[in-house]
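All remarks here apply to the structure that follows.
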Amino acid sequence: MNNNSSYDRIIRETECRQLTGLCRTTRYQMEKQSKFPSRRKLGGRAVGWMLSEIVGWQHSQPKVTTDKTV
């Protein structure tokens, strides 16, 4: 995980969706399987994610290969 202070802020649903390309339902299912960073309760029904955790998750994802060997 990257602890760079420029990443150290909370992001909300819209920004998380834009950064990850994953809809809310998919992220919540992945979170339950411990495959996506956990949400933080912000009060009431509001939740957010630490940007540093989302960036770390993105960096941990496997790269797509273009090997066309069948």
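To be explicit about the labels: the chains of the structure tokens are called A, B, and onward in the order shown, and within each one the residues are counted from 1, while ligands get numbers from 1 in the order they are shown.
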>> Please return, as a VMD selection string, all residues of chain A that DSSP assigns to strand (DSSP E or B) on the basis of the backbone.
In response: chain A and resid 10 to 11 40 to 43 46 to 50
Only N, CA, C and O atoms, please: the residues just picked out, written as a tab-separated table (two decimals), in the first residue's frame.
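Generated file (part_29.tsv):
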```tsv
chain	number	residue	atom	x	y	z
A	10	ILE	N	-10.20	10.72	1.64
A	10	ILE	CA	-11.34	9.84	1.45
A	10	ILE	C	-12.03	10.19	0.14
A	10	ILE	O	-12.22	11.37	-0.17
A	11	ILE	N	-12.37	9.16	-0.62
A	11	ILE	CA	-13.12	9.37	-1.85
A	11	ILE	C	-14.51	8.78	-1.68
A	11	ILE	O	-14.70	7.85	-0.91
A	40	ARG	N	-15.31	2.92	4.58
A	40	ARG	CA	-15.26	3.57	5.89
A	40	ARG	C	-16.60	4.26	6.10
A	40	ARG	O	-17.07	4.98	5.22
A	41	LYS	N	-17.20	4.06	7.25
A	41	LYS	CA	-18.46	4.73	7.55
A	41	LYS	C	-18.16	6.18	7.91
A	41	LYS	O	-17.32	6.46	8.76
A	42	LEU	N	-18.85	7.10	7.24
A	42	LEU	CA	-18.60	8.52	7.45
A	42	LEU	C	-19.70	9.18	8.27
A	42	LEU	O	-19.57	10.32	8.67
A	43	GLY	N	-20.75	8.45	8.53
A	43	GLY	CA	-21.87	9.00	9.29
A	43	GLY	C	-23.16	8.81	8.52
A	43	GLY	O	-23.17	8.90	7.30
A	46	ALA	N	-23.57	7.54	4.73
A	46	ALA	CA	-22.42	7.91	3.90
A	46	ALA	C	-21.23	6.99	4.16
A	46	ALA	O	-20.91	6.68	5.30
A	47	VAL	N	-20.61	6.57	3.07
A	47	VAL	CA	-19.39	5.77	3.16
A	47	VAL	C	-18.35	6.35	2.20
A	47	VAL	O	-18.67	7.09	1.28
A	48	GLY	N	-17.10	5.98	2.43
A	48	GLY	CA	-16.02	6.40	1.56
A	48	GLY	C	-14.88	5.40	1.64
A	48	GLY	O	-14.89	4.48	2.44
A	49	TRP	N	-13.91	5.58	0.78
A	49	TRP	CA	-12.73	4.71	0.72
A	49	TRP	C	-11.50	5.58	0.82
A	49	TRP	O	-11.49	6.73	0.36
A	50	MET	N	-10.45	5.06	1.40
A	50	MET	CA	-9.18	5.77	1.42
A	50	MET	C	-8.57	5.66	0.03
A	50	MET	O	-8.43	4.55	-0.51
```
> Running DSSP on the backbone, which parts of chain A land in alpha helix (DSSP H), as an NGL selection string?
Replying inline: :A and (13-20 or 24-32 or 51-60)
> Which of these residues is nearest to Pro37 (chain A), using only C-alpha atoms: A:Glu53, A:Glu15, A:Val64, A:Gly21?
Replying inline: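 Among the listed residues, A:Glu53 lies closest to Pro37 (chain A).
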>> List the spatial neighbours of Lys35 (chain A) as a count of residues only - criterion: any atom at most 12 Å away, only C-alpha atoms, same-chain residues fewer than 4 positions off excluded.
In response: 13
> What gap, in Å, lies between CA of Asp67 (chain A) and CA of Phe36 (chain A)?
Replying inline: 27.0 Å
> So how far away is CA of Arg39 (chain A) from CA of Arg9 (chain A), in Å?
Replying inline: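 Separation of CA of Arg9 (chain A) and CA of Arg39 (chain A): 12.9 Å.
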> What does the distance between CA of Val55 (chain A) and CA of Lys68 (chain A) come to in Å, to one decimal place?
Replying inline: 29.1 Å
